[in-house]
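File shown: upload-v5.txt. Contents: compact mmCIF, C-alpha atoms.
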# COMPACT_ATOMS: atom_id res chain seq x y z
CA MET A 1 -63.88 -13.73 -29.75
CA THR A 2 -62.44 -15.60 -32.73
CA ALA A 3 -62.01 -19.32 -32.96
CA THR A 4 -58.37 -18.94 -31.91
CA GLY A 5 -59.23 -16.52 -29.13
CA SER A 6 -56.75 -13.89 -30.32
CA GLU A 7 -57.59 -10.21 -30.13
CA ILE A 8 -55.84 -7.01 -31.19
CA LYS A 9 -56.63 -3.64 -29.66
CA CYS A 10 -55.77 -0.41 -31.44
CA ASP A 11 -56.71 3.23 -31.75
CA LEU A 12 -57.50 3.07 -35.46
CA LEU A 13 -58.36 0.35 -37.95
CA VAL A 14 -57.73 1.24 -41.60
CA ILE A 15 -59.63 -0.96 -44.04
CA GLY A 16 -58.01 -0.96 -47.48
CA THR A 17 -54.57 -1.21 -49.03
CA GLY A 18 -55.01 0.92 -52.13
CA MET A 19 -53.73 4.48 -52.38
CA ALA A 20 -56.25 5.84 -49.87
CA GLY A 21 -55.68 3.03 -47.37
CA MET A 22 -51.90 3.33 -47.54
CA ALA A 23 -52.06 7.11 -47.25
CA ALA A 24 -54.42 6.97 -44.26
CA THR A 25 -52.18 4.46 -42.51
CA LEU A 26 -49.13 6.62 -43.21
CA PHE A 27 -50.73 9.82 -41.90
CA ALA A 28 -52.02 8.05 -38.81
CA ALA A 29 -48.68 6.43 -37.99
CA ARG A 30 -46.86 9.76 -38.36
CA ARG A 31 -49.20 11.22 -35.74
CA GLY A 32 -48.56 8.53 -33.18
CA ILE A 33 -51.92 6.82 -33.66
CA ASP A 34 -51.74 3.09 -32.88
CA THR A 35 -52.92 1.69 -36.22
CA VAL A 36 -53.88 -1.69 -37.66
CA GLN A 37 -54.27 -1.96 -41.44
CA VAL A 38 -56.24 -4.73 -43.13
CA GLY A 39 -56.69 -5.42 -46.82
CA MET A 40 -55.90 -7.55 -49.84
CA THR A 41 -52.81 -5.99 -51.42
CA GLY A 42 -52.63 -5.73 -55.17
CA GLU A 43 -54.71 -2.68 -56.05
CA LEU A 44 -51.62 -0.48 -56.09
CA ASN A 45 -50.20 -2.66 -58.86
CA PHE A 46 -52.86 -1.02 -61.02
CA ALA A 47 -51.73 2.50 -60.12
CA SER A 48 -49.87 4.46 -62.78
CA GLY A 49 -47.52 5.95 -60.20
CA LEU A 50 -48.66 9.43 -61.27
CA LEU A 51 -50.22 11.52 -58.51
CA ASP A 52 -52.98 13.39 -60.32
CA LEU A 53 -54.49 16.26 -58.31
CA LEU A 54 -56.94 17.69 -60.83
CA GLY A 55 -56.65 17.67 -64.59
CA VAL A 56 -60.14 18.22 -66.00
CA HIS A 57 -63.11 20.36 -64.96
CA PRO A 58 -65.87 20.57 -65.99
CA VAL A 59 -65.95 17.02 -67.31
CA ALA A 60 -68.65 17.91 -69.85
CA THR A 61 -66.41 20.44 -71.61
CA GLY A 62 -63.13 18.62 -71.02
CA GLN A 63 -61.35 21.77 -69.84
CA ILE A 64 -57.74 20.94 -68.94
CA TRP A 65 -56.07 22.87 -66.12
CA SER A 66 -52.35 23.59 -66.12
CA ASN A 67 -52.72 25.02 -62.61
CA PRO A 68 -54.60 22.40 -60.56
CA TRP A 69 -55.26 24.79 -57.69
CA ASP A 70 -57.18 27.18 -59.91
CA GLY A 71 -59.14 24.18 -61.18
CA ILE A 72 -59.91 22.99 -57.65
CA ARG A 73 -61.17 26.42 -56.60
CA GLN A 74 -63.52 26.45 -59.57
CA LEU A 75 -64.57 22.86 -58.86
CA MET A 76 -65.46 23.78 -55.28
CA LYS A 77 -67.71 26.57 -56.52
CA ASP A 78 -69.40 24.39 -59.13
CA GLN A 79 -69.67 21.18 -57.06
CA PRO A 80 -69.96 22.07 -53.35
CA ARG A 81 -70.62 18.40 -52.46
CA HIS A 82 -67.39 17.20 -54.12
CA PRO A 83 -64.98 15.72 -51.52
CA TYR A 84 -62.44 18.43 -52.33
CA ALA A 85 -64.96 21.03 -51.16
CA ARG A 86 -65.28 19.14 -47.87
CA ILE A 87 -61.51 18.88 -47.42
CA GLY A 88 -60.52 22.45 -48.30
CA ILE A 89 -57.53 23.88 -50.13
CA ASP A 90 -55.23 24.11 -47.10
CA ALA A 91 -55.71 20.45 -46.16
CA ILE A 92 -55.33 19.36 -49.79
CA ARG A 93 -51.98 21.16 -49.99
CA ALA A 94 -50.81 19.81 -46.64
CA GLY A 95 -51.78 16.23 -47.48
CA MET A 96 -50.04 16.23 -50.85
CA GLU A 97 -46.90 17.84 -49.44
CA GLU A 98 -46.65 15.34 -46.58
CA PHE A 99 -47.24 12.38 -48.88
CA VAL A 100 -44.55 13.44 -51.37
CA GLU A 101 -42.18 14.20 -48.49
CA PHE A 102 -42.63 10.65 -47.22
CA LEU A 103 -41.88 9.13 -50.62
CA ASN A 104 -38.73 11.22 -50.98
CA ASP A 105 -37.52 10.23 -47.52
CA ALA A 106 -38.30 6.57 -48.25
CA GLY A 107 -36.02 6.52 -51.31
CA LEU A 108 -38.72 6.79 -53.97
CA PRO A 109 -38.19 10.41 -55.06
CA TYR A 110 -41.06 12.34 -56.59
CA HIS A 111 -41.08 15.68 -58.35
CA CYS A 112 -43.82 18.29 -58.38
CA HIS A 113 -44.09 21.97 -59.18
CA PRO A 114 -46.05 23.65 -56.37
CA GLU A 115 -48.42 25.44 -58.75
CA TYR A 116 -48.46 23.61 -62.06
CA ASN A 117 -49.22 20.24 -63.58
CA ALA A 118 -46.49 18.48 -65.53
CA ARG A 119 -47.04 16.70 -68.84
CA VAL A 120 -46.22 13.06 -69.46
CA ILE A 121 -46.51 10.64 -72.36
CA THR A 122 -48.99 7.79 -71.96
CA PRO A 123 -48.36 4.25 -73.27
CA VAL A 124 -50.65 4.94 -76.26
CA GLY A 125 -48.86 8.13 -77.24
CA THR A 126 -51.21 10.77 -75.90
CA LEU A 127 -50.15 13.53 -73.53
CA LYS A 128 -51.68 13.99 -70.10
CA THR A 129 -51.12 16.24 -67.10
CA THR A 130 -50.26 15.18 -63.57
CA TYR A 131 -49.29 16.99 -60.38
CA ALA A 132 -46.52 14.81 -58.91
CA LEU A 133 -44.58 12.06 -60.63
CA PRO A 134 -41.52 9.91 -60.05
CA VAL A 135 -38.25 11.74 -60.70
CA SER A 136 -37.49 9.04 -63.27
CA MET A 137 -40.48 10.29 -65.32
CA ALA A 138 -40.11 14.01 -64.68
CA GLY A 139 -37.83 14.70 -67.67
CA ALA A 140 -40.72 14.06 -70.05
CA ASP A 141 -42.24 17.47 -69.32
CA GLN A 142 -39.13 19.38 -70.49
CA ALA A 143 -38.65 17.06 -73.46
CA ILE A 144 -42.25 17.68 -74.55
CA ALA A 145 -41.74 21.44 -74.22
CA ASP A 146 -38.45 21.45 -76.17
CA ARG A 147 -39.53 19.05 -78.94
CA ALA A 148 -35.82 18.34 -79.36
CA PRO A 149 -34.52 15.13 -80.99
CA CYS A 150 -35.52 12.25 -78.74
CA LEU A 151 -34.85 8.51 -78.96
CA LEU A 152 -37.63 6.19 -77.80
CA VAL A 153 -36.42 2.73 -76.82
CA ASP A 154 -38.51 -0.36 -77.47
CA PHE A 155 -37.83 -3.91 -76.30
CA PRO A 156 -39.14 -6.67 -78.59
CA GLY A 157 -41.19 -9.07 -76.48
CA LEU A 158 -42.60 -6.37 -74.18
CA LYS A 159 -46.36 -6.21 -74.63
CA GLY A 160 -48.46 -3.16 -73.86
CA PHE A 161 -45.76 -0.71 -74.91
CA SER A 162 -44.83 0.42 -78.40
CA ALA A 163 -42.33 3.19 -79.09
CA ARG A 164 -43.45 3.18 -82.71
CA GLN A 165 -47.06 3.75 -81.73
CA ILE A 166 -46.02 6.66 -79.52
CA GLN A 167 -43.96 8.12 -82.35
CA ALA A 168 -46.86 7.79 -84.79
CA ALA A 169 -49.30 9.42 -82.38
CA LEU A 170 -47.02 12.38 -81.68
CA GLN A 171 -45.22 12.82 -85.01
CA ASP A 172 -47.21 15.89 -86.11
CA GLN A 173 -46.36 17.86 -82.97
CA TRP A 174 -42.99 16.25 -82.28
CA PRO A 175 -41.34 15.27 -85.57
CA ALA A 176 -37.92 14.76 -83.97
CA LEU A 177 -38.99 11.52 -82.25
CA HIS A 178 -37.09 8.42 -83.34
CA THR A 179 -37.32 4.80 -82.20
CA VAL A 180 -34.98 1.86 -81.79
CA ASP A 181 -35.57 -1.80 -80.93
CA LEU A 182 -33.03 -3.14 -78.46
CA PRO A 183 -32.67 -6.61 -76.96
CA PHE A 184 -33.20 -6.53 -73.22
CA PRO A 185 -30.07 -7.53 -71.26
CA GLY A 186 -30.20 -11.12 -70.05
CA LEU A 187 -33.84 -11.83 -70.94
CA ASN A 188 -35.37 -13.41 -74.03
CA GLY A 189 -38.83 -14.17 -75.39
CA GLU A 190 -41.90 -12.54 -73.87
CA LEU A 191 -40.80 -9.89 -71.41
CA GLN A 192 -42.46 -9.20 -68.07
CA THR A 193 -41.99 -5.73 -66.62
CA GLU A 194 -41.25 -6.93 -63.10
CA ARG A 195 -38.50 -9.28 -64.27
CA MET A 196 -37.05 -6.49 -66.41
CA ALA A 197 -37.06 -4.03 -63.52
CA ARG A 198 -35.41 -6.44 -61.11
CA LYS A 199 -32.83 -7.40 -63.74
CA LEU A 200 -31.78 -3.76 -64.09
CA GLU A 201 -31.00 -3.69 -60.37
CA THR A 202 -27.82 -5.58 -61.31
CA ILE A 203 -24.81 -3.54 -62.42
CA ALA A 204 -24.07 -5.74 -65.44
CA ALA A 205 -27.55 -5.30 -66.92
CA ARG A 206 -27.43 -1.52 -66.46
CA GLU A 207 -24.06 -1.29 -68.15
CA GLN A 208 -25.19 -3.45 -71.05
CA LEU A 209 -28.36 -1.44 -71.61
CA ALA A 210 -26.55 1.90 -71.45
CA HIS A 211 -23.97 0.65 -73.96
CA SER A 212 -26.73 -0.43 -76.38
CA ILE A 213 -28.49 2.94 -76.12
CA ARG A 214 -25.27 4.90 -76.70
CA LYS A 215 -24.64 3.06 -79.96
CA HIS A 216 -27.98 4.28 -81.36
CA LEU A 217 -28.08 7.71 -79.73
CA GLY A 218 -27.26 9.76 -82.84
CA ASP A 219 -28.27 13.40 -82.35
CA ALA A 220 -30.84 12.61 -79.65
CA ARG A 221 -30.76 15.04 -76.75
CA THR A 222 -32.95 12.89 -74.53
CA VAL A 223 -34.07 9.25 -74.29
CA GLY A 224 -37.45 7.79 -73.35
CA LEU A 225 -37.84 4.21 -72.10
CA PRO A 226 -40.68 2.11 -70.71
CA ALA A 227 -40.93 2.37 -66.93
CA VAL A 228 -38.79 -0.62 -65.96
CA LEU A 229 -35.82 1.09 -64.30
CA GLY A 230 -35.79 -0.88 -61.08
CA ILE A 231 -38.25 -1.25 -58.22
CA ALA A 232 -36.65 -0.85 -54.80
CA ARG A 233 -33.54 0.84 -56.25
CA THR A 234 -35.04 3.03 -58.95
CA ARG A 235 -33.01 6.11 -57.98
CA GLN A 236 -29.71 4.25 -58.46
CA VAL A 237 -30.79 2.43 -61.62
CA PHE A 238 -32.01 5.65 -63.21
CA THR A 239 -28.93 7.65 -62.21
CA ASP A 240 -26.44 5.00 -63.34
CA ILE A 241 -27.99 4.53 -66.78
CA GLN A 242 -28.47 8.26 -67.35
CA GLN A 243 -24.85 9.01 -66.48
CA ALA A 244 -23.62 6.20 -68.70
CA VAL A 245 -25.76 7.26 -71.67
CA GLY A 246 -24.77 10.91 -71.28
CA VAL A 247 -28.13 12.59 -71.97
CA PRO A 248 -31.27 13.02 -69.83
CA LEU A 249 -33.59 10.01 -69.59
CA PHE A 250 -37.28 9.76 -68.77
CA GLU A 251 -39.54 6.80 -68.16
CA ILE A 252 -42.88 6.38 -69.91
CA PRO A 253 -45.62 4.58 -67.96
CA THR A 254 -46.56 1.16 -69.30
CA MET A 255 -49.99 -0.41 -69.46
CA LEU A 256 -51.40 -1.59 -66.14
CA PRO A 257 -50.45 -3.38 -63.96
CA ALA A 258 -47.34 -1.22 -63.93
CA ILE A 259 -43.96 -1.21 -62.23
CA SER A 260 -44.60 2.34 -61.01
CA GLY A 261 -47.54 1.06 -58.97
CA LEU A 262 -45.51 -1.89 -57.67
CA ARG A 263 -42.81 0.55 -56.51
CA LEU A 264 -45.37 2.39 -54.40
CA ARG A 265 -46.78 -0.82 -52.95
CA GLU A 266 -43.39 -2.21 -51.97
CA CYS A 267 -42.36 1.15 -50.53
CA PHE A 268 -45.38 1.20 -48.21
CA GLU A 269 -45.02 -2.45 -47.28
CA ARG A 270 -41.38 -1.80 -46.29
CA GLN A 271 -41.89 1.45 -44.44
CA LEU A 272 -45.22 1.24 -42.62
CA PRO A 273 -44.30 -1.68 -40.31
CA LYS A 274 -41.14 0.25 -39.36
CA MET A 275 -43.45 3.06 -38.20
CA GLY A 276 -45.29 0.74 -35.83
CA VAL A 277 -48.20 -0.20 -38.09
CA ARG A 278 -49.57 -3.69 -37.54
CA ALA A 279 -50.37 -4.73 -41.09
CA ARG A 280 -52.67 -7.65 -41.88
CA TYR A 281 -52.04 -7.87 -45.62
CA GLN A 282 -53.89 -10.52 -47.64
CA GLN A 283 -56.65 -10.49 -45.05
CA LYS A 284 -60.01 -8.74 -44.90
CA VAL A 285 -62.70 -7.63 -42.50
CA LEU A 286 -65.25 -10.42 -42.49
CA PRO A 287 -69.04 -10.02 -42.26
CA GLU A 288 -70.89 -8.81 -39.19
CA PRO A 289 -68.46 -6.48 -37.46
CA ARG A 290 -70.00 -5.05 -34.30
CA LEU A 291 -70.31 -1.29 -34.21
CA SER A 292 -71.10 1.22 -31.51
CA ASP A 293 -70.50 4.86 -30.72
CA HIS A 294 -67.46 3.95 -28.67
CA GLU A 295 -65.81 0.91 -30.24
CA PHE A 296 -65.72 -1.38 -33.24
CA ILE A 297 -65.11 -5.10 -33.02
CA ALA A 298 -64.22 -6.61 -36.39
CA PRO A 299 -63.38 -10.23 -37.29
CA VAL A 300 -60.37 -10.33 -39.61
CA GLY A 301 -58.95 -13.20 -41.63
CA GLY A 302 -59.02 -15.02 -44.94
CA GLU A 303 -62.15 -17.09 -45.43
CA THR A 304 -62.58 -17.57 -41.68
CA PRO A 305 -61.75 -15.28 -38.72
CA GLU A 306 -58.17 -15.44 -37.53
CA VAL A 307 -58.13 -12.47 -35.19
CA GLN A 308 -60.57 -9.98 -33.72
CA VAL A 309 -59.64 -6.29 -33.99
CA ARG A 310 -61.05 -3.95 -31.35
CA ALA A 311 -60.67 -0.34 -32.53
CA GLN A 312 -61.81 3.04 -31.24
CA ALA A 313 -62.19 4.38 -34.79
CA ILE A 314 -62.18 3.10 -38.37
CA ILE A 315 -61.23 4.64 -41.70
CA LEU A 316 -62.98 2.84 -44.54
CA ALA A 317 -60.87 3.00 -47.71
CA SER A 318 -62.16 -0.11 -49.44
CA GLY A 319 -62.55 1.39 -52.92
CA ARG A 320 -65.45 1.20 -55.34
CA PHE A 321 -66.48 -1.76 -57.48
CA PHE A 322 -62.97 -2.91 -58.45
CA GLY A 323 -61.86 -2.85 -54.81
CA GLN A 324 -65.18 -4.46 -53.78
CA GLY A 325 -66.06 -1.65 -51.42
CA LEU A 326 -69.26 -1.22 -53.42
CA HIS A 327 -71.39 -3.91 -55.05
CA ALA A 328 -74.18 -3.45 -57.56
CA ASP A 329 -76.96 -5.96 -58.12
CA ARG A 330 -80.09 -5.70 -60.28
CA HIS A 331 -81.71 -3.24 -57.93
CA ALA A 332 -79.22 -1.11 -56.02
CA ILE A 333 -75.64 -0.30 -55.09
CA ARG A 334 -74.62 -1.27 -51.57
CA GLU A 335 -71.60 -0.83 -49.35
CA THR A 336 -70.20 -4.29 -48.66
CA ILE A 337 -68.81 -4.25 -45.10
CA PHE A 338 -71.06 -2.12 -42.87
CA ASN A 339 -74.10 -1.74 -45.14
CA LEU A 340 -73.76 2.04 -44.99
CA PRO A 341 -76.16 4.29 -46.91
CA VAL A 342 -75.00 4.75 -50.52
CA HIS A 343 -75.79 7.91 -52.45
CA GLN A 344 -77.08 6.71 -55.84
CA PRO A 345 -79.74 7.40 -58.46
CA ALA A 346 -83.23 6.48 -57.26
CA ASP A 347 -83.68 3.83 -59.94
CA ARG A 348 -81.33 1.57 -61.89
CA THR A 349 -82.68 2.97 -65.14
CA GLN A 350 -81.03 6.25 -64.15
CA TRP A 351 -77.56 4.82 -63.62
CA HIS A 352 -76.49 5.46 -67.21
CA HIS A 353 -77.31 7.87 -69.99
CA LYS A 354 -78.46 6.38 -73.28
CA ASP A 355 -75.34 7.77 -74.93
CA LEU A 356 -72.41 5.57 -73.87
CA PHE A 357 -70.00 8.44 -74.45
CA HIS A 358 -72.07 11.11 -72.71
CA ASP A 359 -69.84 14.16 -72.23
CA ALA A 360 -70.64 14.61 -68.54
CA GLY A 361 -70.22 10.93 -67.63
CA HIS A 362 -72.86 8.66 -66.14
CA PRO A 363 -74.69 9.19 -62.81
CA ILE A 364 -73.39 5.87 -61.46
CA HIS A 365 -69.89 7.35 -61.43
CA GLN A 366 -71.03 9.83 -58.76
CA ALA A 367 -72.41 7.07 -56.51
CA GLY A 368 -70.75 6.32 -53.19
CA LEU A 369 -70.72 7.36 -49.55
CA ALA A 370 -71.92 10.85 -48.75
CA VAL A 371 -69.91 12.32 -45.86
CA ASP A 372 -69.99 15.22 -43.44
CA ASP A 373 -67.30 17.89 -43.08
CA ILE A 374 -64.87 15.53 -41.29
CA LEU A 375 -65.54 12.67 -43.74
CA ARG A 376 -67.90 10.53 -41.66
CA PRO A 377 -70.44 8.59 -43.78
CA SER A 378 -73.86 10.22 -43.53
CA ASP A 379 -77.45 9.30 -44.23
CA GLU A 380 -79.85 11.06 -46.59
CA GLN A 381 -80.57 13.70 -43.94
CA GLY A 382 -76.87 14.49 -43.58
CA ARG A 383 -76.51 12.83 -40.16
CA CYS A 384 -73.33 10.84 -39.57
CA VAL A 385 -74.00 7.14 -39.16
CA TYR A 386 -71.29 6.58 -36.52
CA PRO A 387 -69.25 9.35 -34.91
CA ASN A 388 -66.06 7.27 -35.06
CA LEU A 389 -66.35 5.90 -38.62
CA PHE A 390 -64.65 7.78 -41.48
CA ALA A 391 -64.30 7.16 -45.22
CA ALA A 392 -61.64 8.03 -47.78
CA GLY A 393 -60.80 7.46 -51.42
CA SER A 394 -62.86 6.46 -54.42
CA ILE A 395 -65.74 5.12 -52.31
CA LEU A 396 -66.76 8.75 -51.66
CA ALA A 397 -69.77 10.11 -53.52
CA HIS A 398 -70.13 13.25 -55.68
CA GLN A 399 -66.88 12.79 -57.61
CA ASP A 400 -65.80 11.22 -60.89
CA TRP A 401 -62.09 10.69 -60.35
CA ILE A 402 -61.44 8.97 -63.68
CA ARG A 403 -62.80 11.80 -65.82
CA GLN A 404 -61.65 14.57 -63.52
CA LYS A 405 -58.11 13.14 -63.42
CA CYS A 406 -57.92 13.42 -59.64
CA GLY A 407 -57.72 9.81 -58.47
CA SER A 408 -54.53 9.87 -56.42
CA GLY A 409 -55.15 13.39 -55.18
CA LEU A 410 -58.61 12.41 -53.99
CA ALA A 411 -57.26 9.28 -52.28
CA ILE A 412 -54.36 11.04 -50.54
CA THR A 413 -56.13 14.20 -49.42
CA SER A 414 -59.31 12.48 -48.25
CA ALA A 415 -57.12 10.09 -46.25
CA TYR A 416 -55.40 13.10 -44.72
CA ALA A 417 -58.74 14.67 -43.81
CA ALA A 418 -60.13 11.40 -42.44
CA VAL A 419 -57.11 10.95 -40.16
CA ARG A 420 -57.45 14.55 -39.03
CA GLY A 421 -61.10 13.84 -38.24
CA SER A 422 -60.23 10.70 -36.33
CA GLN A 423 -57.82 12.69 -34.16
CA THR A 424 -60.80 14.61 -32.75
CA ILE A 425 -62.41 11.32 -31.71
CA LEU A 426 -59.25 9.65 -30.43
CA GLY A 427 -58.03 12.67 -28.51
CA LYS A 428 -54.73 12.64 -30.38
CA GLY A 429 -53.16 16.03 -30.97
CA ALA A 430 -52.09 17.34 -34.35
CA GLN A 431 -48.50 16.48 -33.61
CA HIS A 432 -46.44 15.60 -36.63
CA PRO A 433 -42.82 14.51 -36.88

Represent the supplied structure as structure tokens.
Amino acid sequence: MTATGSEIKCDLLVIGTGMAGMAATLFAARRGIDTVQVGMTGELNFASGLLDLLGVHPVATGQIWSNPWDGIRQLMKDQPRHPYARIGIDAIRAGMEEFVEFLNDAGLPYHCHPEYNARVITPVGTLKTTYALPVSMAGADQAIADRAPCLLVDFPGLKGFSARQIQAALQDQWPALHTVDLPFPGLNGELQTERMARKLETIAAREQLAHSIRKHLGDARTVGLPAVLGIARTRQVFTDIQQAVGVPLFEIPTMLPAISGLRLRECFERQLPKMGVRARYQQKVLPEPRLSDHEFIAPVGGETPEVQVRAQAIILASGRFFGQGLHADRHAIRETIFNLPVHQPADRTQWHHKDLFHDAGHPIHQAGLAVDDILRPSDEQGRCVYPNLFAAGSILAHQDWIRQKCGSGLAITSAYAAVRGSQTILGKGAQHP
């Protein structure tokens, strides 16, 4: 019992508030599982907002896949211990479809082609592929294909975004790119993306910006802007400005932390409590949770316990080193909450190759929790540690999400599979609204 004596009972405790934690909580709530979510919010602010499924495989050759499903099938053959191989194609499809459906219903519309990756422009002017992306960014793919005259808008005072740099990087393959510097409506000096986005949720600011763009439109057939077109009302902001300008618009992601990640975070924080989730944001699971085959008892709070959560199952989505789900010292990598076995090179000298830019990446990037076929953490002999403990997201071993361009896809689909696994323990059916 905690110092205050308070206790919460639930079916499922989700630890983590990044993409995997939010997705697991969403999938659980939609299946009628009584869920408590605990974690320090903020990681989603560092999400690009792009839902990558698979972009590159093999990493060593840098092969880019326009059809992510073909790439995943090949990945499963080449890397049978990769989490995608555990999850399976059908569950990967189902998880992505359900996640995008939720975002669309929640007023944060996303676009994806069922079989192909789209192309987007990065803040540094390179092109990358992604599976699903906000509707406000989706026009970039057609603009890139057409190479038609395009106006890129820059706002003096906004750091981490340069229309001129993008133009310079793409000028050989897209010579019809042009740039313009425009003052941002109602803001001066150094610009912050969140203030800009919230400012554009006012009608006057939208009208002023659209008027400024129209004056410099020239022969441009499309317009690209930094991703600041609102947060909670992005659909309306985007539609109003596009209609007023008179040509298609598309947003370009900014450097992290980004508004596109903040949109996702605020969407989840609005919607999940409405679905019955008991969220303990800005709190964490404190040391020495008690575990058994039947129940977990976890102290939760800030620096000291504020409540005790008694759960029949747990999904661990605490992230890797950035999310503090893993910690590396001079000798080994360890899991920080339950001290679970971590798959890792036998010796620290094997964590990295001598070549910093080794084509295949470094062995440390494959470190994490090995899991069984329903995503329960397992020991070196392949035996699950606890039958009611599951893991999801970047903490999983045998994947390199950064180089494989599969971060969001891995988070979402492993969360889907972990919730599906927990249903077998909790006795909850596969019902789905």

Subject >> Selection near Ala232 in chain A, 9 Å with all atoms listed in the file, sequence-local residues under 6 positions removed, as a list in words >> reply: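 Near neighbours after the sequence-gap exclusion: Gly107, Leu108, Arg198, Glu201, Arg263, Glu266 and Cys267 of chain A.
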
Original post:
Out of A:Pro299, A:Pro253, A:Pro83, A:Gly261, which residue has the shortest atom-to-atom distance to Gly125 in chain A when counting only C-alpha atoms?
Top reply: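 Using only C-alpha atoms, the shortest distance to Gly125 in chain A belongs to A:Pro253.
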
Subject >> Gap from CA of Arg206 in chain A to CA of Pro185 in chain A - Å, one decimal >> reply: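 Pair CA of Arg206 in chain A / CA of Pro185 in chain A returns 8.1 Å.
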
Residues of range 194-227 of chain A within 9 Å of range 145-161 of chain A: nearest atom pair and distance (Å, one decimal) for each, counting all atoms listed in the file, sorted by chain and number, as a Markdown table?
| residue | atom | partner | partner_atom | distance |
| --- | --- | --- | --- | --- |
| A:Ile213 | CA | A:Val153 | CA | 8.0 |
| A:His216 | CA | A:Leu151 | CA | 8.4 |
| A:Leu217 | CA | A:Leu151 | CA | 6.9 |
| A:Gly218 | CA | A:Leu151 | CA | 8.6 |
| A:Asp219 | CA | A:Pro149 | CA | 6.6 |
| A:Ala220 | CA | A:Pro149 | CA | 4.7 |
| A:Arg221 | CA | A:Pro149 | CA | 5.7 |
| A:Thr222 | CA | A:Cys150 | CA | 5.0 |
| A:Val223 | CA | A:Leu151 | CA | 4.8 |
| A:Gly224 | CA | A:Leu152 | CA | 4.7 |
| A:Leu225 | CA | A:Val153 | CA | 5.1 |
| A:Pro226 | CA | A:Phe161 | CA | 7.2 |

Original post:
Hey, which of A:Ala391, A:Leu44, A:Ile412, A:Val371 ends up closest to Ala85 in chain A? Count only C-alpha atoms.
Top reply: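 The closest residue to Ala85 in chain A is A:Val371.
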
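For the set A:Ile72, A:Cys384, A:Ile144, A:Leu191, the residue with the smallest atom-to-atom gap to Gly88 in chain A is A:Ile72, counting all atoms listed in the file.
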
As a PDB file with C-alpha atoms, in the frame of the given file, please: the residues near Thr35 in chain A (cut-off 8 Å, only C-alpha atoms, same-chain neighbours under 4 positions excluded).
ATOM      1  CA  CYS A  10     -55.770  -0.410 -31.440  1.00  0.00           C
ATOM      2  CA  ASP A  11     -56.710   3.230 -31.750  1.00  0.00           C
ATOM      3  CA  LEU A  12     -57.500   3.070 -35.460  1.00  0.00           C
ATOM      4  CA  LEU A  13     -58.360   0.350 -37.950  1.00  0.00           C
ATOM      5  CA  VAL A  14     -57.730   1.240 -41.600  1.00  0.00           C
ATOM      6  CA  THR A  25     -52.180   4.460 -42.510  1.00  0.00           C
ATOM      7  CA  ALA A  28     -52.020   8.050 -38.810  1.00  0.00           C
ATOM      8  CA  ALA A  29     -48.680   6.430 -37.990  1.00  0.00           C
ATOM      9  CA  GLY A 276     -45.290   0.740 -35.830  1.00  0.00           C
ATOM     10  CA  VAL A 277     -48.200  -0.200 -38.090  1.00  0.00           C
ATOM     11  CA  ARG A 278     -49.570  -3.690 -37.540  1.00  0.00           C
TER      12      ARG A 278
END

**OP:** Would you work out the distance separating CA of Cys112 in chain A from CA of Ser136 in chain A, expressed in Å to one decimal?
**Re:** 12.2 Å

Original post:
Between CA of Val100 in chain A and CA of Gln79 in chain A, what is the distance, to one decimal in Å?
Top reply: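 The value is 26.9 Å.
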
**OP:** Just the residues within 12 Å of Gln74 in chain A, please, counting only C-alpha atoms, with nothing from its chain fewer than 2 positions along; format it as a list in words.
**Re:**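 Here the answer would be Leu54, Val56, His57, Pro58, Gln63, Trp65, Asn67, Pro68, Trp69, Asp70, Gly71, Ile72, Met76, Lys77, Asp78, Gln79, Pro80, His82, Tyr84, Ala85 and Ile89 of chain A.
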
Need to verify the contact set: His331 in chain A, 10 Å, only C-alpha atoms, exclusion of same-chain residues closer than 5 positions in sequence. Can you return it as a CSV table (one decimal) with C-alpha atoms, in the coordinates of the input?
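What ended up in around_7.csv:
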chain,number,residue,atom,x,y,z
A,346,ALA,CA,-83.2,6.5,-57.3
A,347,ASP,CA,-83.7,3.8,-59.9
A,348,ARG,CA,-81.3,1.6,-61.9
A,349,THR,CA,-82.7,3.0,-65.1

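Once Gln282 in chain A and its same-chain neighbours fewer than 3 positions away are set aside, A:Val38, A:Gly39, A:Met40, A:Thr41, A:Gly302 remain within 8 Å of it when counting only C-alpha atoms.
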
Original post:
Using only C-alpha atoms, which of A:Ile92, A:Ile166, A:Ile203, A:Val385 sits nearest Gly230 in chain A?
Top reply: A:Ile203
